[in-house]
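Scroll down for the structure; my scribbles are underneath it.
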Amino acid sequence: MLIVTGYVQVEPSELAQFCNEFSALATATRRRSGNLFYSAAVEDPQAGRLLVVERWEDQPSLSAHLEAADTVAFVTRWQGRMWGNIEKYDASNKRGLMD
């Protein structure tokens, strides 16, 4: 499993538009093969900062998402207007929080 997480920022004046467009992308992404979790939450609205969290079964699933037309279109629309730091982690030994 892969975990993708980090922060994205946009200008606070564009936060509502970004969130609306991200929501549409998220709805489609959650239906993709290999997607286990895909979400973003506004962490600091005054700064336009969001926390992004994704889980994918494997790299081919993540790669297919990153190459999908709607993902490419979203990134293209926001390129230069969003910035941040998102990283990918390999995960193994999944278990419950109290296990």
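Numbering starts fresh at 1 for the residues of each chain in the structure tokens, the chains themselves are lettered A, B, ... in the order given, and ligands are numbered from 1 as they appear.
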
### Message
Run DSSP on the backbone and tell me which residues of segment 18-97 of chain A come out as strand (DSSP E); list them as a list in words.
### Response
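The strand (DSSP E) residues within segment 18-97 of chain A come out as Asn35, Leu36, Phe37, Tyr38, Ser39, Ala40, Ala41, Val42, Glu43, Asp44, Arg49, Leu50, Leu51, Val52, Val53, Glu54, Arg55, Trp56, Met82, Trp83, Gly84, Asn85, Ile86, Glu87, Lys88, Tyr89 and Asp90 of chain A.
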
Hey, can you spit out that residue selection with N, CA, C and O atoms as an mmCIF file, in the first residue's frame?
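As a result, part.cif now contains:
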```
data_model
loop_
_atom_site.group_PDB
_atom_site.id
_atom_site.type_symbol
_atom_site.label_atom_id
_atom_site.label_comp_id
_atom_site.auth_asym_id
_atom_site.auth_seq_id
_atom_site.Cartn_x
_atom_site.Cartn_y
_atom_site.Cartn_z
ATOM 1 N N ASN A 35 -7.891 2.723 -5.530
ATOM 2 C CA ASN A 35 -7.975 3.806 -4.549
ATOM 3 C C ASN A 35 -8.604 3.283 -3.275
ATOM 4 O O ASN A 35 -9.664 2.673 -3.294
ATOM 5 N N LEU A 36 -7.940 3.527 -2.162
ATOM 6 C CA LEU A 36 -8.455 3.120 -0.859
ATOM 7 C C LEU A 36 -8.987 4.299 -0.054
ATOM 8 O O LEU A 36 -9.869 4.127 0.782
ATOM 9 N N PHE A 37 -8.441 5.482 -0.295
ATOM 10 C CA PHE A 37 -8.857 6.683 0.435
ATOM 11 C C PHE A 37 -8.314 7.893 -0.306
ATOM 12 O O PHE A 37 -7.176 7.875 -0.778
ATOM 13 N N TYR A 38 -9.128 8.942 -0.400
ATOM 14 C CA TYR A 38 -8.691 10.158 -1.105
ATOM 15 C C TYR A 38 -9.450 11.332 -0.518
ATOM 16 O O TYR A 38 -10.681 11.399 -0.618
ATOM 17 N N SER A 39 -8.741 12.250 0.142
ATOM 18 C CA SER A 39 -9.423 13.365 0.762
ATOM 19 C C SER A 39 -8.466 14.524 1.005
ATOM 20 O O SER A 39 -7.250 14.353 1.036
ATOM 21 N N ALA A 40 -9.052 15.694 1.180
ATOM 22 C CA ALA A 40 -8.309 16.881 1.598
ATOM 23 C C ALA A 40 -9.198 17.642 2.565
ATOM 24 O O ALA A 40 -10.421 17.651 2.430
ATOM 25 N N ALA A 41 -8.568 18.269 3.533
ATOM 26 C CA ALA A 41 -9.303 19.061 4.520
ATOM 27 C C ALA A 41 -8.623 20.409 4.674
ATOM 28 O O ALA A 41 -7.392 20.486 4.710
ATOM 29 N N VAL A 42 -9.424 21.434 4.766
ATOM 30 C CA VAL A 42 -8.872 22.768 4.981
ATOM 31 C C VAL A 42 -8.329 22.822 6.405
ATOM 32 O O VAL A 42 -9.061 22.611 7.367
ATOM 33 N N GLU A 43 -7.044 23.074 6.509
ATOM 34 C CA GLU A 43 -6.407 23.159 7.821
ATOM 35 C C GLU A 43 -6.352 24.599 8.329
ATOM 36 O O GLU A 43 -6.536 24.857 9.510
ATOM 37 N N ASP A 44 -6.108 25.526 7.411
ATOM 38 C CA ASP A 44 -5.999 26.935 7.788
ATOM 39 C C ASP A 44 -6.596 27.790 6.672
ATOM 40 O O ASP A 44 -5.930 28.097 5.689
ATOM 41 N N ARG A 49 -4.489 26.812 3.292
ATOM 42 C CA ARG A 49 -3.716 25.571 3.450
ATOM 43 C C ARG A 49 -4.634 24.376 3.685
ATOM 44 O O ARG A 49 -5.525 24.416 4.535
ATOM 45 N N LEU A 50 -4.374 23.310 2.909
ATOM 46 C CA LEU A 50 -5.140 22.067 3.019
ATOM 47 C C LEU A 50 -4.208 20.900 3.319
ATOM 48 O O LEU A 50 -3.078 20.851 2.827
ATOM 49 N N LEU A 51 -4.702 19.947 4.085
ATOM 50 C CA LEU A 51 -4.020 18.687 4.335
ATOM 51 C C LEU A 51 -4.577 17.666 3.352
ATOM 52 O O LEU A 51 -5.791 17.499 3.244
ATOM 53 N N VAL A 52 -3.701 16.994 2.627
ATOM 54 C CA VAL A 52 -4.088 15.992 1.632
ATOM 55 C C VAL A 52 -3.687 14.612 2.150
ATOM 56 O O VAL A 52 -2.565 14.436 2.647
ATOM 57 N N VAL A 53 -4.600 13.643 2.052
ATOM 58 C CA VAL A 53 -4.322 12.264 2.460
ATOM 59 C C VAL A 53 -4.909 11.321 1.421
ATOM 60 O O VAL A 53 -6.085 11.426 1.075
ATOM 61 N N GLU A 54 -4.076 10.408 0.939
ATOM 62 C CA GLU A 54 -4.513 9.398 -0.030
ATOM 63 C C GLU A 54 -3.929 8.048 0.375
ATOM 64 O O GLU A 54 -2.838 7.989 0.929
ATOM 65 N N ARG A 55 -4.648 6.976 0.051
ATOM 66 C CA ARG A 55 -4.104 5.618 0.170
ATOM 67 C C ARG A 55 -4.405 4.883 -1.125
ATOM 68 O O ARG A 55 -5.528 4.938 -1.635
ATOM 69 N N TRP A 56 -3.396 4.195 -1.639
ATOM 70 C CA TRP A 56 -3.502 3.452 -2.898
ATOM 71 C C TRP A 56 -3.008 2.037 -2.691
ATOM 72 O O TRP A 56 -2.070 1.805 -1.934
ATOM 73 N N MET A 82 -1.132 26.824 -7.078
ATOM 74 C CA MET A 82 -1.080 25.979 -5.891
ATOM 75 C C MET A 82 0.365 25.570 -5.665
ATOM 76 O O MET A 82 1.143 25.464 -6.613
ATOM 77 N N TRP A 83 0.714 25.378 -4.432
ATOM 78 C CA TRP A 83 2.065 24.950 -4.093
ATOM 79 C C TRP A 83 1.962 24.138 -2.807
ATOM 80 O O TRP A 83 0.938 24.119 -2.147
ATOM 81 N N GLY A 84 3.016 23.454 -2.476
ATOM 82 C CA GLY A 84 3.005 22.674 -1.244
ATOM 83 C C GLY A 84 4.051 21.593 -1.256
ATOM 84 O O GLY A 84 5.020 21.631 -2.027
ATOM 85 N N ASN A 85 3.822 20.630 -0.409
ATOM 86 C CA ASN A 85 4.748 19.521 -0.248
ATOM 87 C C ASN A 85 3.939 18.250 0.005
ATOM 88 O O ASN A 85 3.347 18.092 1.068
ATOM 89 N N ILE A 86 3.883 17.401 -0.999
ATOM 90 C CA ILE A 86 3.177 16.126 -0.877
ATOM 91 C C ILE A 86 4.195 15.022 -1.128
ATOM 92 O O ILE A 86 4.952 15.077 -2.097
ATOM 93 N N GLU A 87 4.204 14.036 -0.239
ATOM 94 C CA GLU A 87 5.162 12.935 -0.349
ATOM 95 C C GLU A 87 4.432 11.595 -0.338
ATOM 96 O O GLU A 87 3.300 11.492 0.129
ATOM 97 N N LYS A 88 5.130 10.585 -0.833
ATOM 98 C CA LYS A 88 4.585 9.232 -0.958
ATOM 99 C C LYS A 88 5.385 8.308 -0.045
ATOM 100 O O LYS A 88 6.610 8.389 0.014
ATOM 101 N N TYR A 89 4.675 7.423 0.646
ATOM 102 C CA TYR A 89 5.306 6.486 1.567
ATOM 103 C C TYR A 89 4.838 5.073 1.255
ATOM 104 O O TYR A 89 3.655 4.854 0.980
ATOM 105 N N ASP A 90 5.748 4.119 1.322
ATOM 106 C CA ASP A 90 5.380 2.711 1.248
ATOM 107 C C ASP A 90 4.889 2.289 2.628
ATOM 108 O O ASP A 90 5.476 2.652 3.647
#
```

Determine which residues of segment 22-81 of chain A DSSP labels as alpha helix (DSSP H) from the backbone of this structure, then write them out as a PDB file with N, CA, C and O atoms, in the first residue's frame.
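Writing the result to selection36.pdb gives the following:
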```
ATOM      1  N   PHE A  22     -11.625  20.480  -6.387  1.00  0.00           N
ATOM      2  CA  PHE A  22     -11.028  19.293  -5.783  1.00  0.00           C
ATOM      3  C   PHE A  22     -12.110  18.282  -5.430  1.00  0.00           C
ATOM      4  O   PHE A  22     -11.933  17.079  -5.619  1.00  0.00           O
ATOM      5  N   SER A  23     -13.234  18.758  -4.928  1.00  0.00           N
ATOM      6  CA  SER A  23     -14.331  17.863  -4.561  1.00  0.00           C
ATOM      7  C   SER A  23     -14.814  17.047  -5.755  1.00  0.00           C
ATOM      8  O   SER A  23     -15.070  15.841  -5.640  1.00  0.00           O
ATOM      9  N   ALA A  24     -14.934  17.682  -6.904  1.00  0.00           N
ATOM     10  CA  ALA A  24     -15.342  16.962  -8.121  1.00  0.00           C
ATOM     11  C   ALA A  24     -14.301  15.915  -8.504  1.00  0.00           C
ATOM     12  O   ALA A  24     -14.643  14.781  -8.857  1.00  0.00           O
ATOM     13  N   LEU A  25     -13.027  16.290  -8.425  1.00  0.00           N
ATOM     14  CA  LEU A  25     -11.960  15.331  -8.729  1.00  0.00           C
ATOM     15  C   LEU A  25     -11.972  14.183  -7.728  1.00  0.00           C
ATOM     16  O   LEU A  25     -11.819  13.014  -8.098  1.00  0.00           O
ATOM     17  N   ALA A  26     -12.180  14.498  -6.455  1.00  0.00           N
ATOM     18  CA  ALA A  26     -12.176  13.468  -5.412  1.00  0.00           C
ATOM     19  C   ALA A  26     -13.288  12.442  -5.632  1.00  0.00           C
ATOM     20  O   ALA A  26     -13.075  11.237  -5.453  1.00  0.00           O
ATOM     21  N   THR A  27     -14.455  12.915  -6.031  1.00  0.00           N
ATOM     22  CA  THR A  27     -15.570  11.999  -6.283  1.00  0.00           C
ATOM     23  C   THR A  27     -15.200  10.981  -7.355  1.00  0.00           C
ATOM     24  O   THR A  27     -15.441   9.776  -7.200  1.00  0.00           O
ATOM     25  N   ALA A  28     -14.601  11.438  -8.436  1.00  0.00           N
ATOM     26  CA  ALA A  28     -14.177  10.529  -9.511  1.00  0.00           C
ATOM     27  C   ALA A  28     -13.032   9.633  -9.052  1.00  0.00           C
ATOM     28  O   ALA A  28     -12.999   8.439  -9.359  1.00  0.00           O
ATOM     29  N   THR A  29     -12.102  10.195  -8.316  1.00  0.00           N
ATOM     30  CA  THR A  29     -10.918   9.446  -7.881  1.00  0.00           C
ATOM     31  C   THR A  29     -11.289   8.304  -6.951  1.00  0.00           C
ATOM     32  O   THR A  29     -10.721   7.211  -7.038  1.00  0.00           O
ATOM     33  N   GLN A  59       1.551   1.133  -6.820  1.00  0.00           N
ATOM     34  CA  GLN A  59       2.032   2.195  -7.699  1.00  0.00           C
ATOM     35  C   GLN A  59       1.289   2.255  -9.037  1.00  0.00           C
ATOM     36  O   GLN A  59       0.986   3.361  -9.507  1.00  0.00           O
ATOM     37  N   PRO A  60       0.970   1.123  -9.672  1.00  0.00           N
ATOM     38  CA  PRO A  60       0.204   1.234 -10.923  1.00  0.00           C
ATOM     39  C   PRO A  60      -1.139   1.959 -10.740  1.00  0.00           C
ATOM     40  O   PRO A  60      -1.547   2.737 -11.602  1.00  0.00           O
ATOM     41  N   SER A  61      -1.810   1.739  -9.624  1.00  0.00           N
ATOM     42  CA  SER A  61      -3.080   2.433  -9.361  1.00  0.00           C
ATOM     43  C   SER A  61      -2.855   3.930  -9.199  1.00  0.00           C
ATOM     44  O   SER A  61      -3.600   4.745  -9.758  1.00  0.00           O
ATOM     45  N   LEU A  62      -1.835   4.306  -8.436  1.00  0.00           N
ATOM     46  CA  LEU A  62      -1.519   5.724  -8.254  1.00  0.00           C
ATOM     47  C   LEU A  62      -1.102   6.358  -9.572  1.00  0.00           C
ATOM     48  O   LEU A  62      -1.546   7.459  -9.919  1.00  0.00           O
ATOM     49  N   SER A  63      -0.281   5.659 -10.332  1.00  0.00           N
ATOM     50  CA  SER A  63       0.165   6.191 -11.626  1.00  0.00           C
ATOM     51  C   SER A  63      -1.003   6.411 -12.573  1.00  0.00           C
ATOM     52  O   SER A  63      -1.071   7.428 -13.272  1.00  0.00           O
ATOM     53  N   ALA A  64      -1.949   5.467 -12.591  1.00  0.00           N
ATOM     54  CA  ALA A  64      -3.128   5.620 -13.454  1.00  0.00           C
ATOM     55  C   ALA A  64      -3.919   6.861 -13.054  1.00  0.00           C
ATOM     56  O   ALA A  64      -4.406   7.598 -13.914  1.00  0.00           O
ATOM     57  N   HIS A  65      -4.039   7.107 -11.765  1.00  0.00           N
ATOM     58  CA  HIS A  65      -4.730   8.309 -11.291  1.00  0.00           C
ATOM     59  C   HIS A  65      -3.991   9.573 -11.733  1.00  0.00           C
ATOM     60  O   HIS A  65      -4.608  10.515 -12.230  1.00  0.00           O
ATOM     61  N   LEU A  66      -2.693   9.593 -11.558  1.00  0.00           N
ATOM     62  CA  LEU A  66      -1.906  10.782 -11.905  1.00  0.00           C
ATOM     63  C   LEU A  66      -1.917  11.066 -13.406  1.00  0.00           C
ATOM     64  O   LEU A  66      -1.757  12.209 -13.820  1.00  0.00           O
ATOM     65  N   GLU A  67      -2.127  10.025 -14.206  1.00  0.00           N
ATOM     66  CA  GLU A  67      -2.152  10.175 -15.662  1.00  0.00           C
ATOM     67  C   GLU A  67      -3.570  10.345 -16.222  1.00  0.00           C
ATOM     68  O   GLU A  67      -3.731  10.599 -17.420  1.00  0.00           O
ATOM     69  N   ALA A  69      -7.105  11.840 -17.320  1.00  0.00           N
ATOM     70  CA  ALA A  69      -7.387  13.137 -17.953  1.00  0.00           C
ATOM     71  C   ALA A  69      -7.899  14.171 -16.962  1.00  0.00           C
ATOM     72  O   ALA A  69      -7.487  15.334 -17.008  1.00  0.00           O
ATOM     73  N   ASP A  70      -8.781  13.770 -16.038  1.00  0.00           N
ATOM     74  CA  ASP A  70      -9.313  14.759 -15.094  1.00  0.00           C
ATOM     75  C   ASP A  70      -8.269  15.227 -14.092  1.00  0.00           C
ATOM     76  O   ASP A  70      -8.242  16.397 -13.707  1.00  0.00           O
ATOM     77  N   THR A  71      -7.372  14.336 -13.691  1.00  0.00           N
ATOM     78  CA  THR A  71      -6.285  14.731 -12.789  1.00  0.00           C
ATOM     79  C   THR A  71      -5.340  15.693 -13.492  1.00  0.00           C
ATOM     80  O   THR A  71      -4.971  16.736 -12.937  1.00  0.00           O
ATOM     81  N   VAL A  72      -4.959  15.354 -14.710  1.00  0.00           N
ATOM     82  CA  VAL A  72      -4.062  16.221 -15.486  1.00  0.00           C
ATOM     83  C   VAL A  72      -4.706  17.588 -15.707  1.00  0.00           C
ATOM     84  O   VAL A  72      -4.054  18.632 -15.551  1.00  0.00           O
ATOM     85  N   ALA A  73      -5.991  17.612 -16.018  1.00  0.00           N
ATOM     86  CA  ALA A  73      -6.694  18.882 -16.237  1.00  0.00           C
ATOM     87  C   ALA A  73      -6.725  19.716 -14.962  1.00  0.00           C
ATOM     88  O   ALA A  73      -6.504  20.932 -14.996  1.00  0.00           O
ATOM     89  N   PHE A  74      -6.992  19.079 -13.826  1.00  0.00           N
ATOM     90  CA  PHE A  74      -7.020  19.791 -12.548  1.00  0.00           C
ATOM     91  C   PHE A  74      -5.655  20.402 -12.244  1.00  0.00           C
ATOM     92  O   PHE A  74      -5.556  21.586 -11.915  1.00  0.00           O
ATOM     93  N   VAL A  75      -4.614  19.607 -12.345  1.00  0.00           N
ATOM     94  CA  VAL A  75      -3.257  20.100 -12.063  1.00  0.00           C
ATOM     95  C   VAL A  75      -2.891  21.223 -13.027  1.00  0.00           C
ATOM     96  O   VAL A  75      -2.323  22.237 -12.623  1.00  0.00           O
ATOM     97  N   THR A  76      -3.246  21.078 -14.284  1.00  0.00           N
ATOM     98  CA  THR A  76      -2.945  22.107 -15.285  1.00  0.00           C
ATOM     99  C   THR A  76      -3.655  23.417 -14.942  1.00  0.00           C
ATOM    100  O   THR A  76      -3.050  24.491 -15.016  1.00  0.00           O
ATOM    101  N   ARG A  77      -4.936  23.332 -14.543  1.00  0.00           N
ATOM    102  CA  ARG A  77      -5.690  24.542 -14.186  1.00  0.00           C
ATOM    103  C   ARG A  77      -5.081  25.262 -12.986  1.00  0.00           C
ATOM    104  O   ARG A  77      -5.075  26.484 -12.920  1.00  0.00           O
ATOM    105  N   TRP A  78      -4.546  24.501 -12.046  1.00  0.00           N
ATOM    106  CA  TRP A  78      -4.040  25.085 -10.803  1.00  0.00           C
ATOM    107  C   TRP A  78      -2.528  25.263 -10.775  1.00  0.00           C
ATOM    108  O   TRP A  78      -1.996  25.836  -9.819  1.00  0.00           O
TER     109      TRP A  78
END
```

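Across the model, the gap from atom CA of Leu2 of chain A to atom CA of Leu15 of chain A is 27.2 Å.
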
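Computed from the coordinates, the atom CA of Arg32 of chain A to atom CA of Asp58 of chain A distance equals 12.3 Å.
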